[in-house]
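Chemist: Just coords_25.csv, nothing more (CSV, N, CA and C atoms):
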```csv
chain,number,residue,atom,x,y,z
F,1,MET,N,68.6,-96.3,320.3
F,1,MET,CA,69.8,-96.1,319.4
F,1,MET,C,70.9,-95.5,320.2
F,2,ALA,N,70.7,-94.5,321.1
F,2,ALA,CA,71.7,-93.9,321.9
F,2,ALA,C,72.5,-94.9,322.7
F,3,ASP,N,71.9,-96.0,323.1
F,3,ASP,CA,72.5,-97.0,323.9
F,3,ASP,C,73.6,-97.7,323.1
F,4,LEU,N,73.5,-97.7,321.8
F,4,LEU,CA,74.5,-98.3,320.9
F,4,LEU,C,75.9,-97.7,321.1
F,5,ALA,N,75.9,-96.4,321.4
F,5,ALA,CA,77.1,-95.7,321.7
F,5,ALA,C,77.9,-96.2,322.8
F,6,TYR,N,77.3,-96.9,323.7
F,6,TYR,CA,77.9,-97.5,324.9
F,6,TYR,C,78.5,-98.9,324.6
F,7,LEU,N,78.2,-99.4,323.5
F,7,LEU,CA,78.8,-100.7,323.1
F,7,LEU,C,80.1,-100.5,322.4
F,8,ALA,N,81.0,-101.4,322.6
F,8,ALA,CA,82.3,-101.4,321.9
F,8,ALA,C,82.0,-101.9,320.4
F,9,THR,N,82.8,-101.5,319.5
F,9,THR,CA,82.7,-101.9,318.1
F,9,THR,C,82.6,-103.4,318.0
F,10,ALA,N,83.4,-104.1,318.8
F,10,ALA,CA,83.4,-105.6,318.7
F,10,ALA,C,82.0,-106.1,319.2
F,11,GLU,N,81.4,-105.5,320.2
F,11,GLU,CA,80.1,-105.9,320.6
F,11,GLU,C,79.1,-105.7,319.6
F,12,LEU,N,79.2,-104.5,318.9
F,12,LEU,CA,78.2,-104.2,317.8
F,12,LEU,C,78.3,-105.2,316.7
F,13,GLU,N,79.5,-105.7,316.4
F,13,GLU,CA,79.7,-106.7,315.4
F,13,GLU,C,78.8,-107.9,315.7
F,14,VAL,N,78.8,-108.4,316.9
F,14,VAL,CA,78.1,-109.5,317.4
F,14,VAL,C,76.6,-109.2,317.4
F,15,VAL,N,76.2,-108.1,318.1
F,15,VAL,CA,74.8,-107.8,318.3
F,15,VAL,C,74.1,-107.6,316.9
F,16,LEU,N,74.8,-106.9,316.0
F,16,LEU,CA,74.2,-106.6,314.7
F,16,LEU,C,74.5,-107.6,313.6
F,17,ASN,N,75.4,-108.6,313.9
F,17,ASN,CA,75.9,-109.5,312.9
F,17,ASN,C,76.4,-108.7,311.7
F,18,ALA,N,77.3,-107.8,312.0
F,18,ALA,CA,77.9,-106.9,311.0
F,18,ALA,C,79.4,-107.1,310.9
F,19,SER,N,80.0,-106.7,309.8
F,19,SER,CA,81.4,-106.8,309.7
F,19,SER,C,82.0,-105.7,310.6
F,20,ALA,N,83.3,-105.9,310.8
F,20,ALA,CA,84.0,-104.9,311.7
F,20,ALA,C,83.9,-103.5,311.1
F,21,ALA,N,84.1,-103.4,309.8
F,21,ALA,CA,84.0,-102.1,309.2
F,21,ALA,C,82.6,-101.4,309.4
F,22,ARG,N,81.6,-102.2,309.2
F,22,ARG,CA,80.2,-101.7,309.3
F,22,ARG,C,79.9,-101.4,310.8
F,23,ALA,N,80.4,-102.2,311.7
F,23,ALA,CA,80.2,-101.9,313.1
F,23,ALA,C,80.9,-100.6,313.5
F,24,ARG,N,82.1,-100.4,313.0
F,24,ARG,CA,82.8,-99.2,313.3
F,24,ARG,C,82.0,-98.0,312.7
F,25,GLU,N,81.5,-98.1,311.5
F,25,GLU,CA,80.7,-97.0,310.9
F,25,GLU,C,79.5,-96.7,311.7
F,26,ILE,N,78.7,-97.7,312.1
F,26,ILE,CA,77.5,-97.6,312.9
F,26,ILE,C,77.8,-96.9,314.2
F,27,HIS,N,78.9,-97.4,314.9
F,27,HIS,CA,79.3,-96.8,316.2
F,27,HIS,C,79.6,-95.3,316.0
F,28,ALA,N,80.3,-94.9,314.9
F,28,ALA,CA,80.6,-93.5,314.7
F,28,ALA,C,79.4,-92.7,314.4
F,29,LEU,N,78.4,-93.3,313.6
F,29,LEU,CA,77.2,-92.5,313.3
F,29,LEU,C,76.4,-92.3,314.6
F,30,VAL,N,76.3,-93.3,315.4
F,30,VAL,CA,75.6,-93.1,316.7
F,30,VAL,C,76.3,-92.1,317.6
F,31,THR,N,77.6,-92.2,317.7
F,31,THR,CA,78.4,-91.3,318.6
F,31,THR,C,78.2,-89.9,318.1
F,32,PHE,N,78.4,-89.6,316.8
F,32,PHE,CA,78.3,-88.3,316.3
F,32,PHE,C,76.9,-87.7,316.4
F,33,GLN,N,75.9,-88.5,316.4
F,33,GLN,CA,74.5,-88.0,316.5
F,33,GLN,C,74.2,-87.6,318.0
F,34,ASN,N,75.1,-88.0,318.9
F,34,ASN,CA,74.9,-87.6,320.3
F,34,ASN,C,75.5,-86.2,320.6
F,35,ILE,N,76.1,-85.6,319.6
F,35,ILE,CA,76.6,-84.2,319.7
F,35,ILE,C,75.4,-83.3,319.6
F,36,PRO,N,75.3,-82.3,320.5
F,36,PRO,CA,74.2,-81.4,320.5
F,36,PRO,C,74.0,-80.8,319.1
F,37,SER,N,72.7,-80.7,318.7
F,37,SER,CA,72.3,-80.1,317.5
F,37,SER,C,72.9,-80.8,316.2
F,38,SER,N,73.3,-82.0,316.3
F,38,SER,CA,73.8,-82.8,315.2
F,38,SER,C,72.9,-83.9,314.9
F,39,GLY,N,72.7,-84.2,313.6
F,39,GLY,CA,71.9,-85.3,313.2
F,39,GLY,C,72.6,-86.3,312.3
F,40,ILE,N,71.8,-87.1,311.7
F,40,ILE,CA,72.4,-88.2,310.9
F,40,ILE,C,73.2,-87.7,309.7
F,41,LYS,N,72.7,-86.6,309.0
F,41,LYS,CA,73.5,-86.1,307.9
F,41,LYS,C,74.9,-85.7,308.2
F,42,PHE,N,75.0,-84.9,309.3
F,42,PHE,CA,76.3,-84.4,309.7
F,42,PHE,C,77.2,-85.6,310.2
F,43,ALA,N,76.6,-86.6,310.9
F,43,ALA,CA,77.3,-87.7,311.3
F,43,ALA,C,77.9,-88.5,310.0
F,44,GLU,N,77.0,-88.6,309.0
F,44,GLU,CA,77.5,-89.2,307.7
F,44,GLU,C,78.6,-88.4,307.1
F,45,ASP,N,78.5,-87.0,307.2
F,45,ASP,CA,79.6,-86.2,306.7
F,45,ASP,C,80.9,-86.4,307.4
F,46,LEU,N,80.9,-86.6,308.7
F,46,LEU,CA,82.1,-86.9,309.4
F,46,LEU,C,82.7,-88.2,309.0
F,47,VAL,N,81.9,-89.2,308.9
F,47,VAL,CA,82.4,-90.5,308.4
F,47,VAL,C,82.9,-90.4,307.0
F,48,PHE,N,82.2,-89.7,306.1
F,48,PHE,CA,82.6,-89.4,304.7
F,48,PHE,C,84.1,-88.8,304.7
F,49,LEU,N,84.4,-88.0,305.7
F,49,LEU,CA,85.7,-87.4,305.8
F,49,LEU,C,86.7,-88.4,306.4
F,50,GLY,N,86.3,-89.5,306.9
F,50,GLY,CA,87.2,-90.5,307.5
F,50,GLY,C,87.3,-90.5,309.0
F,51,PHE,N,86.4,-89.9,309.6
F,51,PHE,CA,86.4,-89.8,311.1
F,51,PHE,C,85.5,-90.9,311.7
F,52,PHE,N,85.9,-91.5,312.7
F,52,PHE,CA,85.1,-92.5,313.4
F,52,PHE,C,85.0,-92.4,314.9
F,53,THR,N,85.8,-91.5,315.5
F,53,THR,CA,85.8,-91.3,316.9
F,53,THR,C,85.9,-89.8,317.2
F,54,LEU,N,85.5,-89.4,318.4
F,54,LEU,CA,85.7,-88.0,318.8
F,54,LEU,C,87.1,-87.7,319.0
F,55,ASP,N,87.9,-88.7,319.5
F,55,ASP,CA,89.3,-88.5,319.7
F,55,ASP,C,90.0,-88.1,318.4
F,56,GLU,N,89.6,-88.6,317.3
F,56,GLU,CA,90.2,-88.2,316.0
F,56,GLU,C,90.0,-86.8,315.7
F,57,LEU,N,89.0,-86.1,316.3
F,57,LEU,CA,88.6,-84.7,316.0
F,57,LEU,C,89.2,-83.7,316.9
F,58,LYS,N,89.8,-84.2,318.0
F,58,LYS,CA,90.2,-83.3,319.1
F,58,LYS,C,91.2,-82.2,318.6
F,59,ASP,N,92.2,-82.5,317.8
F,59,ASP,CA,93.2,-81.6,317.4
F,59,ASP,C,92.9,-80.9,316.1
F,60,LYS,N,91.7,-81.0,315.6
F,60,LYS,CA,91.4,-80.5,314.3
F,60,LYS,C,90.9,-79.0,314.4
F,61,GLU,N,90.7,-78.4,313.3
F,61,GLU,CA,90.2,-77.0,313.3
F,61,GLU,C,88.9,-77.1,312.4
F,62,GLY,N,87.8,-76.5,313.0
F,62,GLY,CA,86.6,-76.5,312.2
F,62,GLY,C,86.6,-76.0,310.9
F,63,ALA,N,87.3,-74.9,310.7
F,63,ALA,CA,87.4,-74.2,309.4
F,63,ALA,C,88.1,-75.1,308.4
F,64,LYS,N,89.2,-75.8,308.8
F,64,LYS,CA,89.9,-76.7,307.9
F,64,LYS,C,89.1,-77.9,307.6
F,65,LEU,N,88.3,-78.4,308.5
F,65,LEU,CA,87.5,-79.5,308.2
F,65,LEU,C,86.4,-79.2,307.2
F,66,PHE,N,85.9,-78.0,307.4
F,66,PHE,CA,84.9,-77.5,306.4
F,66,PHE,C,85.5,-77.3,305.0
F,67,ASP,N,86.7,-76.7,304.9
F,67,ASP,CA,87.4,-76.6,303.7
F,67,ASP,C,87.6,-77.9,303.0
F,68,ALA,N,88.1,-78.9,303.8
F,68,ALA,CA,88.3,-80.2,303.3
F,68,ALA,C,87.0,-80.9,302.8
F,69,TYR,N,86.0,-80.7,303.5
F,69,TYR,CA,84.7,-81.2,303.1
F,69,TYR,C,84.2,-80.7,301.8
F,70,GLU,N,84.3,-79.3,301.6
F,70,GLU,CA,83.9,-78.7,300.4
F,70,GLU,C,84.8,-79.3,299.2
F,71,GLN,N,86.1,-79.5,299.4
F,71,GLN,CA,86.9,-80.0,298.4
F,71,GLN,C,86.5,-81.4,298.0
F,72,LYS,N,86.1,-82.2,299.0
F,72,LYS,CA,85.8,-83.6,298.8
F,72,LYS,C,84.4,-83.7,298.0
F,73,VAL,N,83.5,-82.9,298.4
F,73,VAL,CA,82.2,-82.9,297.7
F,73,VAL,C,82.2,-82.2,296.3
F,74,GLY,N,83.1,-81.2,296.2
F,74,GLY,CA,83.3,-80.5,294.9
F,74,GLY,C,82.4,-79.3,294.7
F,75,TYR,N,81.8,-78.8,295.8
F,75,TYR,CA,80.9,-77.6,295.7
F,75,TYR,C,80.9,-77.0,297.1
F,76,TRP,N,80.6,-75.7,297.1
F,76,TRP,CA,80.5,-75.1,298.5
F,76,TRP,C,79.2,-75.4,299.1
F,77,VAL,N,79.2,-75.5,300.4
F,77,VAL,CA,78.0,-76.0,301.1
F,77,VAL,C,77.5,-74.8,302.0
F,78,ASP,N,76.3,-75.0,302.5
F,78,ASP,CA,75.7,-74.0,303.4
F,78,ASP,C,76.7,-73.7,304.5
F,79,LEU,N,76.9,-72.4,304.8
F,79,LEU,CA,77.9,-72.0,305.8
F,79,LEU,C,77.6,-72.5,307.2
F,80,CYS,N,76.4,-72.9,307.6
F,80,CYS,CA,76.1,-73.4,308.9
F,80,CYS,C,76.8,-74.7,309.1
F,81,VAL,N,77.2,-75.4,308.0
F,81,VAL,CA,77.9,-76.7,308.1
F,81,VAL,C,79.3,-76.4,308.8
F,82,GLU,N,79.9,-75.2,308.4
F,82,GLU,CA,81.2,-74.9,309.1
F,82,GLU,C,81.0,-74.7,310.6
F,83,ASP,N,79.8,-74.1,311.0
F,83,ASP,CA,79.5,-74.0,312.4
F,83,ASP,C,79.4,-75.4,313.1
F,84,GLN,N,78.9,-76.3,312.4
F,84,GLN,CA,78.8,-77.7,312.9
F,84,GLN,C,80.2,-78.3,313.1
F,85,PHE,N,81.0,-78.1,312.1
F,85,PHE,CA,82.4,-78.6,312.2
F,85,PHE,C,83.1,-78.0,313.4
F,86,ARG,N,82.9,-76.7,313.6
F,86,ARG,CA,83.5,-76.0,314.8
F,86,ARG,C,82.9,-76.6,316.1
F,87,LEU,N,81.6,-76.9,316.1
F,87,LEU,CA,81.0,-77.5,317.3
F,87,LEU,C,81.6,-78.8,317.6
F,88,VAL,N,81.7,-79.7,316.6
F,88,VAL,CA,82.2,-81.0,316.8
F,88,VAL,C,83.6,-81.0,317.4
F,89,VAL,N,84.5,-80.1,316.9
F,89,VAL,CA,85.8,-80.0,317.5
F,89,VAL,C,85.7,-79.6,319.0
F,90,TYR,N,84.9,-78.6,319.2
F,90,TYR,CA,84.7,-78.1,320.6
F,90,TYR,C,84.2,-79.2,321.5
F,91,PHE,N,83.2,-79.9,321.0
F,91,PHE,CA,82.6,-81.0,321.8
F,91,PHE,C,83.6,-82.1,322.0
F,92,ALA,N,84.4,-82.5,321.0
F,92,ALA,CA,85.4,-83.5,321.2
F,92,ALA,C,86.4,-83.2,322.3
F,93,ASN,N,86.7,-81.9,322.5
F,93,ASN,CA,87.6,-81.5,323.5
F,93,ASN,C,87.0,-81.2,324.8
F,94,THR,N,85.7,-80.9,324.9
F,94,THR,CA,85.1,-80.5,326.2
F,94,THR,C,84.0,-81.4,326.7
F,95,PHE,N,83.3,-82.0,325.8
F,95,PHE,CA,82.1,-82.8,326.1
F,95,PHE,C,81.0,-81.9,326.7
F,96,ASP,N,81.1,-80.6,326.4
F,96,ASP,CA,80.1,-79.6,326.8
F,96,ASP,C,78.9,-79.7,326.0
F,97,THR,N,77.8,-80.1,326.7
F,97,THR,CA,76.5,-80.3,325.9
F,97,THR,C,75.7,-79.0,325.9
F,98,THR,N,76.2,-77.9,326.4
F,98,THR,CA,75.4,-76.6,326.4
F,98,THR,C,75.5,-75.8,325.1
F,99,LYS,N,76.4,-76.2,324.2
F,99,LYS,CA,76.6,-75.4,323.0
F,99,LYS,C,75.9,-76.2,321.8
F,100,ALA,N,75.4,-75.4,320.9
F,100,ALA,CA,74.8,-75.9,319.6
F,100,ALA,C,75.6,-75.3,318.5
F,101,TRP,N,75.4,-75.7,317.3
F,101,TRP,CA,76.2,-75.2,316.1
F,101,TRP,C,76.0,-73.7,316.0
F,102,TRP,N,74.9,-73.2,316.2
F,102,TRP,CA,74.7,-71.7,316.0
F,102,TRP,C,75.5,-70.9,317.0
F,103,ASP,N,76.0,-71.5,318.1
F,103,ASP,CA,76.8,-70.7,319.0
F,103,ASP,C,78.2,-70.4,318.4
F,104,PHE,N,78.5,-71.0,317.2
F,104,PHE,CA,79.8,-70.8,316.6
F,104,PHE,C,79.7,-69.9,315.3
F,105,THR,N,78.5,-69.4,315.0
F,105,THR,CA,78.2,-68.6,313.8
F,105,THR,C,79.1,-67.3,313.9
F,106,GLN,N,79.1,-66.6,314.9
F,106,GLN,CA,79.8,-65.4,315.0
F,106,GLN,C,81.3,-65.6,314.9
F,107,VAL,N,81.8,-66.7,315.5
F,107,VAL,CA,83.2,-67.0,315.4
F,107,VAL,C,83.6,-67.3,313.9
F,108,ARG,N,82.7,-68.1,313.2
F,108,ARG,CA,83.0,-68.3,311.8
F,108,ARG,C,82.9,-67.1,311.0
F,109,LYS,N,82.0,-66.2,311.2
F,109,LYS,CA,81.9,-65.0,310.5
F,109,LYS,C,83.1,-64.1,310.6
F,110,LYS,N,83.6,-64.0,311.9
F,110,LYS,CA,84.7,-63.2,312.1
F,110,LYS,C,86.0,-63.8,311.5
F,111,PHE,N,86.1,-65.1,311.6
F,111,PHE,CA,87.3,-65.8,311.0
F,111,PHE,C,87.3,-65.6,309.5
F,112,ARG,N,86.1,-65.8,308.8
F,112,ARG,CA,86.1,-65.7,307.4
F,112,ARG,C,86.2,-64.3,306.9
F,113,ALA,N,85.7,-63.3,307.7
F,113,ALA,CA,85.9,-61.9,307.3
F,113,ALA,C,87.4,-61.6,307.3
F,114,GLU,N,88.2,-62.1,308.3
F,114,GLU,CA,89.6,-61.9,308.4
F,114,GLU,C,90.4,-62.7,307.5
F,115,ASP,N,90.1,-64.0,307.3
F,115,ASP,CA,90.9,-64.9,306.6
F,115,ASP,C,90.4,-65.4,305.3
F,116,GLY,N,89.1,-65.2,305.0
F,116,GLY,CA,88.5,-65.6,303.8
F,116,GLY,C,88.4,-67.1,303.6
F,117,TYR,N,88.3,-67.5,302.4
F,117,TYR,CA,88.2,-68.9,302.0
F,117,TYR,C,89.5,-69.3,301.2
F,118,PRO,N,89.8,-70.6,301.1
F,118,PRO,CA,90.9,-71.0,300.3
F,118,PRO,C,90.7,-70.6,298.8
F,119,LYS,N,91.8,-70.3,298.1
F,119,LYS,CA,91.8,-69.9,296.7
F,119,LYS,C,91.2,-71.0,295.9
F,120,ASN,N,91.4,-72.3,296.3
F,120,ASN,CA,90.9,-73.4,295.5
F,120,ASN,C,89.5,-73.9,295.9
F,121,ARG,N,88.8,-73.0,296.6
F,121,ARG,CA,87.4,-73.3,297.0
F,121,ARG,C,86.6,-73.6,295.7
F,122,PRO,N,85.8,-74.7,295.8
F,122,PRO,CA,85.0,-75.0,294.6
F,122,PRO,C,84.1,-73.8,294.2
F,123,GLN,N,83.9,-73.7,292.9
F,123,GLN,CA,83.2,-72.5,292.4
F,123,GLN,C,81.7,-72.7,292.4
F,124,LYS,N,81.2,-73.9,292.3
F,124,LYS,CA,79.8,-74.2,292.3
F,124,LYS,C,79.2,-74.3,293.7
F,125,ALA,N,78.0,-73.8,293.8
F,125,ALA,CA,77.3,-73.8,295.1
F,125,ALA,C,76.4,-75.0,295.2
F,126,TRP,N,76.0,-75.3,296.5
F,126,TRP,CA,75.1,-76.5,296.7
F,126,TRP,C,73.8,-76.3,296.0
F,127,PHE,N,73.3,-75.0,295.9
F,127,PHE,CA,72.0,-74.8,295.3
F,127,PHE,C,72.1,-74.9,293.8
F,128,ASP,N,73.3,-74.7,293.2
F,128,ASP,CA,73.4,-74.9,291.8
F,128,ASP,C,73.4,-76.4,291.5
F,129,VAL,N,73.9,-77.2,292.4
F,129,VAL,CA,74.0,-78.6,292.3
F,129,VAL,C,72.6,-79.3,292.5
F,130,PHE,N,72.0,-78.9,293.6
F,130,PHE,CA,70.7,-79.5,294.0
F,130,PHE,C,69.4,-78.7,293.6
F,131,GLY,N,69.6,-77.5,293.2
F,131,GLY,CA,68.4,-76.7,292.7
F,131,GLY,C,67.5,-76.1,293.8
F,132,ASN,N,68.0,-76.0,295.0
F,132,ASN,CA,67.2,-75.4,296.1
F,132,ASN,C,67.9,-74.2,296.6
F,133,GLU,N,67.8,-73.1,295.8
F,133,GLU,CA,68.5,-71.9,296.1
F,133,GLU,C,67.9,-71.3,297.4
F,134,PRO,N,68.8,-70.7,298.2
F,134,PRO,CA,68.3,-70.1,299.5
F,134,PRO,C,67.6,-68.9,299.2
F,135,ALA,N,66.6,-68.6,300.1
F,135,ALA,CA,65.8,-67.4,300.0
F,135,ALA,C,66.6,-66.1,300.1
F,136,ASN,N,67.7,-66.1,300.9
F,136,ASN,CA,68.4,-64.9,301.1
F,136,ASN,C,69.7,-64.8,300.3
F,137,LYS,N,69.8,-65.4,299.1
F,137,LYS,CA,71.0,-65.4,298.3
F,137,LYS,C,71.4,-64.0,298.0
```
Show this structure as structure tokens.

Modeler:
Amino acid sequence: MADLAYLATAELEVVLNASAARAREIHALVTFQNIPSSGIKFAEDLVFLGFFTLDELKDKEGAKLFDAYEQKVGYWVDLCVEDQFRLVVYFANTFDTTKAWWDFTQVRKKFRAEDGYPKNRPQKAWFDVFGNEPANK
């Protein structure tokens, strides 16, 4: 699967007999899964937000991506997802494979302690939506 990231979207169209849109999505999913400590779900989240390349993420801010994601899904999500957004922006700018999402936890905690969350942050939590409340609530 990792080799698919080396194919151009047009090549994926041919190899997979897929539409241009589907080939673009598959290429993005493969590319995003090559980010350290990122998997298919987070790759899907990035595509859900409309991102298909690392270049599109270079000038973004992880906290703002997280806030936009929560607005789009309509509930607040596990805070480690913000760490993942911070990682993807860092990776898009550096291609440094030595960092994982948890390397951004302290940065997130400091930022949120100082700046908080948007006033329009959804009120419902993911565990209220899906019923799997965290043990440390």

Chemist: Show me as a ChimeraX atom specification the residues that reach within 12 Å of (73.4, -97.3, 308.7), counting only C-alpha atoms and using the file's own coordinates.

Modeler: /F:1,16,18,21-30,40-41,43-44,47

Chemist: What are the closest atom pairs, with distances in Å to one decimal, for all residues of segment 46-89 of chain F lying within 8 Å of segment 99-121 of chain F? Consider only N, CA and C atoms, order rows by chain and residue number, and present the result as CSV.

Modeler:
```
residue,atom,partner,partner_atom,distance
F:Ala63,CA,F:Arg108,CA,7.7
F:Asp67,CA,F:Pro118,N,7.0
F:Glu70,C,F:Arg121,CA,6.9
F:Gln71,N,F:Arg121,CA,6.8
F:Gly74,C,F:Arg121,C,7.2
F:Tyr75,C,F:Arg121,C,6.8
F:Trp76,N,F:Arg121,C,6.5
F:Leu79,C,F:Thr105,CA,7.7
F:Cys80,C,F:Trp101,C,7.0
F:Glu82,C,F:Arg108,CA,6.8
F:Asp83,C,F:Trp101,CA,4.4
F:Gln84,N,F:Trp101,CA,4.7
F:Phe85,N,F:Trp101,CA,6.9
F:Arg86,C,F:Phe104,CA,6.6
F:Leu87,CA,F:Trp101,CA,5.5
F:Val88,N,F:Trp101,CA,7.1
```

Chemist: Find the residues with any atom within 12 Å of (90.3, -81.5, 311.3); use only C-alpha atoms and the coordinates as given in the file, and write the answer as a count of residues only.

Modeler: 28

Chemist: Atom CA of Trp126 of chain F and atom CA of Asp45 of chain F, how far apart in Å?

Modeler: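 Result for atom CA of Asp45 of chain F versus atom CA of Trp126 of chain F: 14.6 Å, one decimal.
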
Chemist: What does the structure give for the distance between atom CA of Thr31 of chain F and atom CA of Ala5 of chain F, in Å to one decimal?

Modeler: 5.5 Å

Chemist: Expressed in Å to a single decimal, how great is the separation between atom CA of Gly131 of chain F and atom N of Val73 of chain F?

Modeler: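 Between atom CA of Gly131 of chain F and atom N of Val73 of chain F the gap is 17.3 Å.
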
Chemist: Measuring atom to atom with only C-alpha atoms, identify which of F:Asp78, F:Asp128, F:Glu11, F:Asp3 is nearest to Gln33 of chain F.

Modeler: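 Residue with the minimum atom-to-atom distance to Gln33 of chain F: F:Asp3.
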
Chemist: I'd like to know which residues of segment 80-115 of chain F are alpha helix (DSSP H) (by DSSP, run on the backbone); could you write them as a list in words?

Modeler: Cys80, Val81, Glu82, Asp83, Gln84, Phe85, Arg86, Leu87, Val88, Val89, Tyr90, Phe91, Ala92, Asn93, Thr94, Thr105, Gln106, Val107, Arg108, Lys109, Lys110, Phe111, Arg112, Ala113, Glu114 and Asp115 of chain F
